[in-house]
file model-v4.csv (CSV, C-alpha atoms)
chain,number,residue,atom,x,y,z
A,1,MET,CA,-42.4,-275.8,68.1
A,2,ALA,CA,-39.5,-275.6,70.5
A,3,THR,CA,-39.7,-273.8,73.8
A,4,PRO,CA,-37.9,-270.4,73.6
A,5,GLN,CA,-34.8,-269.8,75.7
A,6,ARG,CA,-36.1,-266.5,77.1
A,7,MET,CA,-39.2,-264.6,77.8
A,8,ILE,CA,-39.4,-260.9,77.5
A,9,ILE,CA,-42.3,-259.6,79.6
A,10,CYS,CA,-43.6,-256.1,79.1
A,11,CYS,CA,-46.1,-254.6,81.7
A,12,GLN,CA,-49.3,-253.5,80.0
A,13,SER,CA,-51.1,-252.5,83.2
A,14,PHE,CA,-53.8,-255.2,82.7
A,15,ARG,CA,-56.1,-255.5,85.6
A,16,ALA,CA,-58.3,-258.5,86.4
A,17,ALA,CA,-61.4,-256.3,86.5
A,18,GLY,CA,-61.7,-253.0,84.7
A,19,GLU,CA,-59.5,-250.8,82.5
A,20,PRO,CA,-55.7,-250.7,82.6
A,21,LYS,CA,-54.3,-248.3,85.2
A,22,GLY,CA,-50.8,-247.0,85.8
A,23,ILE,CA,-48.3,-245.6,83.3
A,24,CYS,CA,-46.9,-248.7,81.6
A,25,HIS,CA,-49.6,-249.1,79.0
A,26,LYS,CA,-49.7,-245.3,78.4
A,27,SER,CA,-45.9,-245.0,77.9
A,28,SER,CA,-45.3,-248.2,75.9
A,29,ASP,CA,-47.7,-247.9,73.0
A,30,GLY,CA,-46.4,-250.0,70.1
A,31,PHE,CA,-43.4,-251.3,72.0
A,32,LEU,CA,-44.5,-255.0,71.9
A,33,GLN,CA,-44.3,-254.9,68.1
A,34,TYR,CA,-41.0,-253.1,68.1
A,35,ILE,CA,-39.5,-255.6,70.6
A,36,GLU,CA,-40.8,-258.6,68.6
A,37,GLU,CA,-39.3,-257.2,65.4
A,38,GLU,CA,-35.9,-256.6,67.2
A,39,VAL,CA,-35.9,-260.1,68.6
A,40,ILE,CA,-36.4,-261.5,65.1
A,41,ASP,CA,-33.9,-259.2,63.5
A,42,ARG,CA,-31.3,-260.0,66.2
A,43,GLY,CA,-32.0,-263.8,66.0
A,44,LEU,CA,-32.7,-264.0,69.7
A,45,ASP,CA,-34.5,-267.2,70.9
A,46,ALA,CA,-37.2,-265.3,72.9
A,47,ILE,CA,-40.9,-264.9,73.1
A,48,VAL,CA,-42.3,-261.4,73.8
A,49,VAL,CA,-45.4,-261.1,76.0
A,50,GLY,CA,-47.6,-258.4,77.5
A,51,SER,CA,-48.5,-258.9,81.1
A,52,THR,CA,-50.8,-257.9,83.9
A,53,CYS,CA,-49.6,-255.2,86.2
A,54,LEU,CA,-46.2,-256.0,87.6
A,55,LYS,CA,-46.7,-253.8,90.6
A,56,GLN,CA,-43.9,-251.4,89.9
A,57,CYS,CA,-45.9,-248.4,88.7
A,58,GLU,CA,-43.6,-245.8,90.2
A,59,SER,CA,-40.8,-247.1,88.0
A,60,GLY,CA,-42.7,-247.9,84.8
A,61,PRO,CA,-42.8,-248.9,82.0
A,62,ILE,CA,-41.4,-252.2,83.2
A,63,MET,CA,-39.7,-254.9,81.0
A,64,VAL,CA,-38.5,-258.2,82.5
A,65,ILE,CA,-36.2,-260.8,80.9
A,66,GLN,CA,-36.5,-264.3,82.1
A,67,PRO,CA,-34.9,-266.6,83.0
A,68,GLU,CA,-32.2,-264.1,83.9
A,69,ASN,CA,-34.7,-262.3,86.1
A,70,TRP,CA,-33.5,-258.9,84.9
A,71,TRP,CA,-36.1,-256.1,85.6
A,72,PHE,CA,-35.8,-252.9,83.8
A,73,LYS,CA,-37.5,-249.6,84.7
A,74,GLY,CA,-38.4,-246.5,82.6
A,75,VAL,CA,-38.4,-248.4,79.3
A,76,ASP,CA,-40.2,-245.7,77.4
A,77,SER,CA,-38.3,-245.4,74.1
A,78,GLU,CA,-37.0,-247.5,71.3
A,79,GLU,CA,-33.5,-246.4,72.2
A,80,LYS,CA,-33.8,-247.8,75.7
A,81,ILE,CA,-35.1,-251.1,74.3
A,82,ASP,CA,-32.2,-251.3,71.9
A,83,GLU,CA,-29.7,-250.7,74.8
A,84,ILE,CA,-31.4,-253.4,76.9
A,85,LEU,CA,-31.4,-255.9,74.0
A,86,ASP,CA,-27.7,-255.0,73.3
A,87,GLY,CA,-27.0,-255.9,76.9
A,88,LEU,CA,-28.9,-259.2,76.5
A,89,GLU,CA,-26.8,-260.1,73.5
A,90,ASP,CA,-23.6,-259.3,75.4
A,91,GLY,CA,-24.8,-261.3,78.4
A,92,GLU,CA,-24.9,-258.4,80.8
A,93,PRO,CA,-27.9,-256.4,81.9
A,94,CYS,CA,-28.0,-252.7,80.9
A,95,ALA,CA,-27.2,-251.1,84.2
A,96,ASP,CA,-28.7,-247.7,83.3
A,97,TYR,CA,-32.3,-249.1,83.5
A,98,LEU,CA,-31.9,-252.1,85.8
A,99,LEU,CA,-34.5,-252.0,88.6
A,100,SER,CA,-32.8,-252.6,91.9
call {"tool": "encode", "arguments": {"input": "model-v4.csv", "output": "structure tokens"}}
result
Amino acid sequence: MATPQRMIICCQSFRAAGEPKGICHKSSDGFLQYIEEEVIDRGLDAIVVGSTCLKQCESGPIMVIQPENWWFKGVDSEEKIDEILDGLEDGEPCADYLLS
């Protein structure tokens, strides 16, 4: 299997010890599956992963696209995910949700 061109990382509020905390896991239920399906439908060469806490709780849910190092905040709907993935396809980050 070839190494994917990109990694899409979604904060799932995982903690090393104990239950998830923060808002990312509460506000992004089912989004990993949705993003994975969109990646496949769009033919993007990317892997989708859930992560430990990304330490941006005040801006969550957080989604990161690597290697571009684009960090997106407030990713709490399928519509926002679509806009972010549209920007990825166009080669420009979706400015509306870019974490700066």
call {"tool": "closest_atom_pairs", "arguments": {"input": "model-v4.csv", "of": "stretch 60-80 of chain A", "to": "stretch 42-51 of chain A", "cutoff": "12 Å", "atoms": "only C-alpha atoms", "output": "tab-separated table"}}
result
residue	atom	partner	partner_atom	distance
A:Pro61	CA	A:Ser51	CA	11.5
A:Ile62	CA	A:Ser51	CA	10.0
A:Met63	CA	A:Gly50	CA	9.3
A:Val64	CA	A:Val49	CA	9.9
A:Ile65	CA	A:Ala46	CA	9.2
A:Gln66	CA	A:Ala46	CA	9.3
A:Pro67	CA	A:Ala46	CA	10.4
call {"tool": "write_last_selection", "arguments": {"input": "model-v4.csv", "atoms": "C-alpha atoms", "output": "PDB file, in the coordinates of the input"}}
result
ATOM      1  CA  PRO A  61     -42.800-248.900  82.000  1.00  0.00           C
ATOM      2  CA  ILE A  62     -41.400-252.200  83.200  1.00  0.00           C
ATOM      3  CA  MET A  63     -39.700-254.900  81.000  1.00  0.00           C
ATOM      4  CA  VAL A  64     -38.500-258.200  82.500  1.00  0.00           C
ATOM      5  CA  ILE A  65     -36.200-260.800  80.900  1.00  0.00           C
ATOM      6  CA  GLN A  66     -36.500-264.300  82.100  1.00  0.00           C
ATOM      7  CA  PRO A  67     -34.900-266.600  83.000  1.00  0.00           C
TER       8      PRO A  67
END
call {"tool": "closest_residue", "arguments": {"input": "model-v4.csv", "among": "A:Gln12, A:Ser77, A:Asn69, A:Gln33", "to": "A:Thr52", "atoms": "all atoms listed in the file"}}
result
A:Gln12
call {"tool": "residues_around", "arguments": {"input": "model-v4.csv", "residues": "A:Glu68", "least_positions_apart": "2", "cutoff": "10 Å", "atoms": "only C-alpha atoms", "output": "JSON, numbers by chain"}}
result
{"A": [6, 7, 64, 65, 66, 70, 71, 88, 91, 92, 93]}
call {"tool": "write_last_selection", "arguments": {"input": "model-v4.csv", "atoms": "C-alpha atoms", "output": "PDB file, in the frame of the given file"}}
result
ATOM      1  CA  ARG A   6     -36.100-266.500  77.100  1.00  0.00           C
ATOM      2  CA  MET A   7     -39.200-264.600  77.800  1.00  0.00           C
ATOM      3  CA  VAL A  64     -38.500-258.200  82.500  1.00  0.00           C
ATOM      4  CA  ILE A  65     -36.200-260.800  80.900  1.00  0.00           C
ATOM      5  CA  GLN A  66     -36.500-264.300  82.100  1.00  0.00           C
ATOM      6  CA  TRP A  70     -33.500-258.900  84.900  1.00  0.00           C
ATOM      7  CA  TRP A  71     -36.100-256.100  85.600  1.00  0.00           C
ATOM      8  CA  LEU A  88     -28.900-259.200  76.500  1.00  0.00           C
ATOM      9  CA  GLY A  91     -24.800-261.300  78.400  1.00  0.00           C
ATOM     10  CA  GLU A  92     -24.900-258.400  80.800  1.00  0.00           C
ATOM     11  CA  PRO A  93     -27.900-256.400  81.900  1.00  0.00           C
TER      12      PRO A  93
END
call {"tool": "decode", "arguments": {"input": "model-v4.csv", "residues": "stretch 80-100 of chain A", "atoms": "N, CA, C and O atoms", "output": "compact mmCIF listing (two decimals), in the first residue's frame"}}
result
# COMPACT_ATOMS: atom_id res chain seq x y z
N LYS A 80 -19.58 22.54 6.77
CA LYS A 80 -18.25 23.10 6.98
C LYS A 80 -17.17 22.15 6.48
O LYS A 80 -16.18 22.58 5.86
N ILE A 81 -17.35 20.87 6.73
CA ILE A 81 -16.41 19.88 6.21
C ILE A 81 -16.35 19.96 4.70
O ILE A 81 -15.27 19.95 4.11
N ASP A 82 -17.51 20.05 4.06
CA ASP A 82 -17.55 20.16 2.59
C ASP A 82 -16.79 21.39 2.10
O ASP A 82 -16.04 21.31 1.12
N GLU A 83 -16.97 22.52 2.77
CA GLU A 83 -16.27 23.74 2.37
C GLU A 83 -14.75 23.58 2.52
O GLU A 83 -13.98 24.03 1.67
N ILE A 84 -14.33 22.94 3.61
CA ILE A 84 -12.90 22.71 3.84
C ILE A 84 -12.34 21.79 2.77
O ILE A 84 -11.26 22.05 2.21
N LEU A 85 -13.05 20.72 2.45
CA LEU A 85 -12.57 19.78 1.43
C LEU A 85 -12.62 20.41 0.03
O LEU A 85 -11.75 20.13 -0.80
N ASP A 86 -13.60 21.29 -0.22
CA ASP A 86 -13.63 22.03 -1.49
C ASP A 86 -12.35 22.87 -1.62
O ASP A 86 -11.73 22.91 -2.68
N GLY A 87 -11.98 23.55 -0.54
CA GLY A 87 -10.77 24.35 -0.54
C GLY A 87 -9.53 23.51 -0.77
O GLY A 87 -8.62 23.90 -1.51
N LEU A 88 -9.50 22.33 -0.17
CA LEU A 88 -8.38 21.42 -0.36
C LEU A 88 -8.25 21.04 -1.84
O LEU A 88 -7.16 21.06 -2.40
N GLU A 89 -9.38 20.73 -2.45
CA GLU A 89 -9.36 20.39 -3.88
C GLU A 89 -8.90 21.56 -4.74
O GLU A 89 -8.23 21.37 -5.75
N ASP A 90 -9.23 22.79 -4.31
CA ASP A 90 -8.85 23.99 -5.05
C ASP A 90 -7.42 24.45 -4.72
O ASP A 90 -6.91 25.38 -5.34
N GLY A 91 -6.80 23.84 -3.70
CA GLY A 91 -5.45 24.21 -3.32
C GLY A 91 -5.34 25.42 -2.42
O GLY A 91 -4.26 25.96 -2.23
N GLU A 92 -6.47 25.86 -1.85
CA GLU A 92 -6.48 27.01 -0.95
C GLU A 92 -7.27 26.65 0.31
O GLU A 92 -8.35 26.09 0.21
N PRO A 93 -6.76 27.04 1.48
CA PRO A 93 -7.52 26.73 2.69
C PRO A 93 -8.80 27.55 2.76
O PRO A 93 -8.84 28.70 2.30
N CYS A 94 -9.84 26.96 3.31
CA CYS A 94 -11.10 27.67 3.50
C CYS A 94 -10.91 28.71 4.61
O CYS A 94 -10.81 28.36 5.79
N ALA A 95 -10.81 29.96 4.23
CA ALA A 95 -10.46 31.05 5.15
C ALA A 95 -11.49 31.20 6.28
O ALA A 95 -11.14 31.65 7.38
N ASP A 96 -12.75 30.84 6.04
CA ASP A 96 -13.79 31.05 7.04
C ASP A 96 -13.52 30.28 8.34
O ASP A 96 -13.96 30.69 9.41
N TYR A 97 -12.83 29.14 8.26
CA TYR A 97 -12.63 28.29 9.43
C TYR A 97 -11.15 28.12 9.78
O TYR A 97 -10.83 27.37 10.69
N LEU A 98 -10.28 28.82 9.08
CA LEU A 98 -8.85 28.70 9.32
C LEU A 98 -8.49 29.22 10.71
O LEU A 98 -8.88 30.34 11.08
N LEU A 99 -7.79 28.43 11.47
CA LEU A 99 -7.34 28.83 12.80
C LEU A 99 -6.06 29.62 12.64
O LEU A 99 -5.10 29.16 12.04
N SER A 100 -6.07 30.84 13.14
CA SER A 100 -4.87 31.69 12.97
C SER A 100 -4.29 32.11 14.29
O SER A 100 -4.83 31.96 15.31
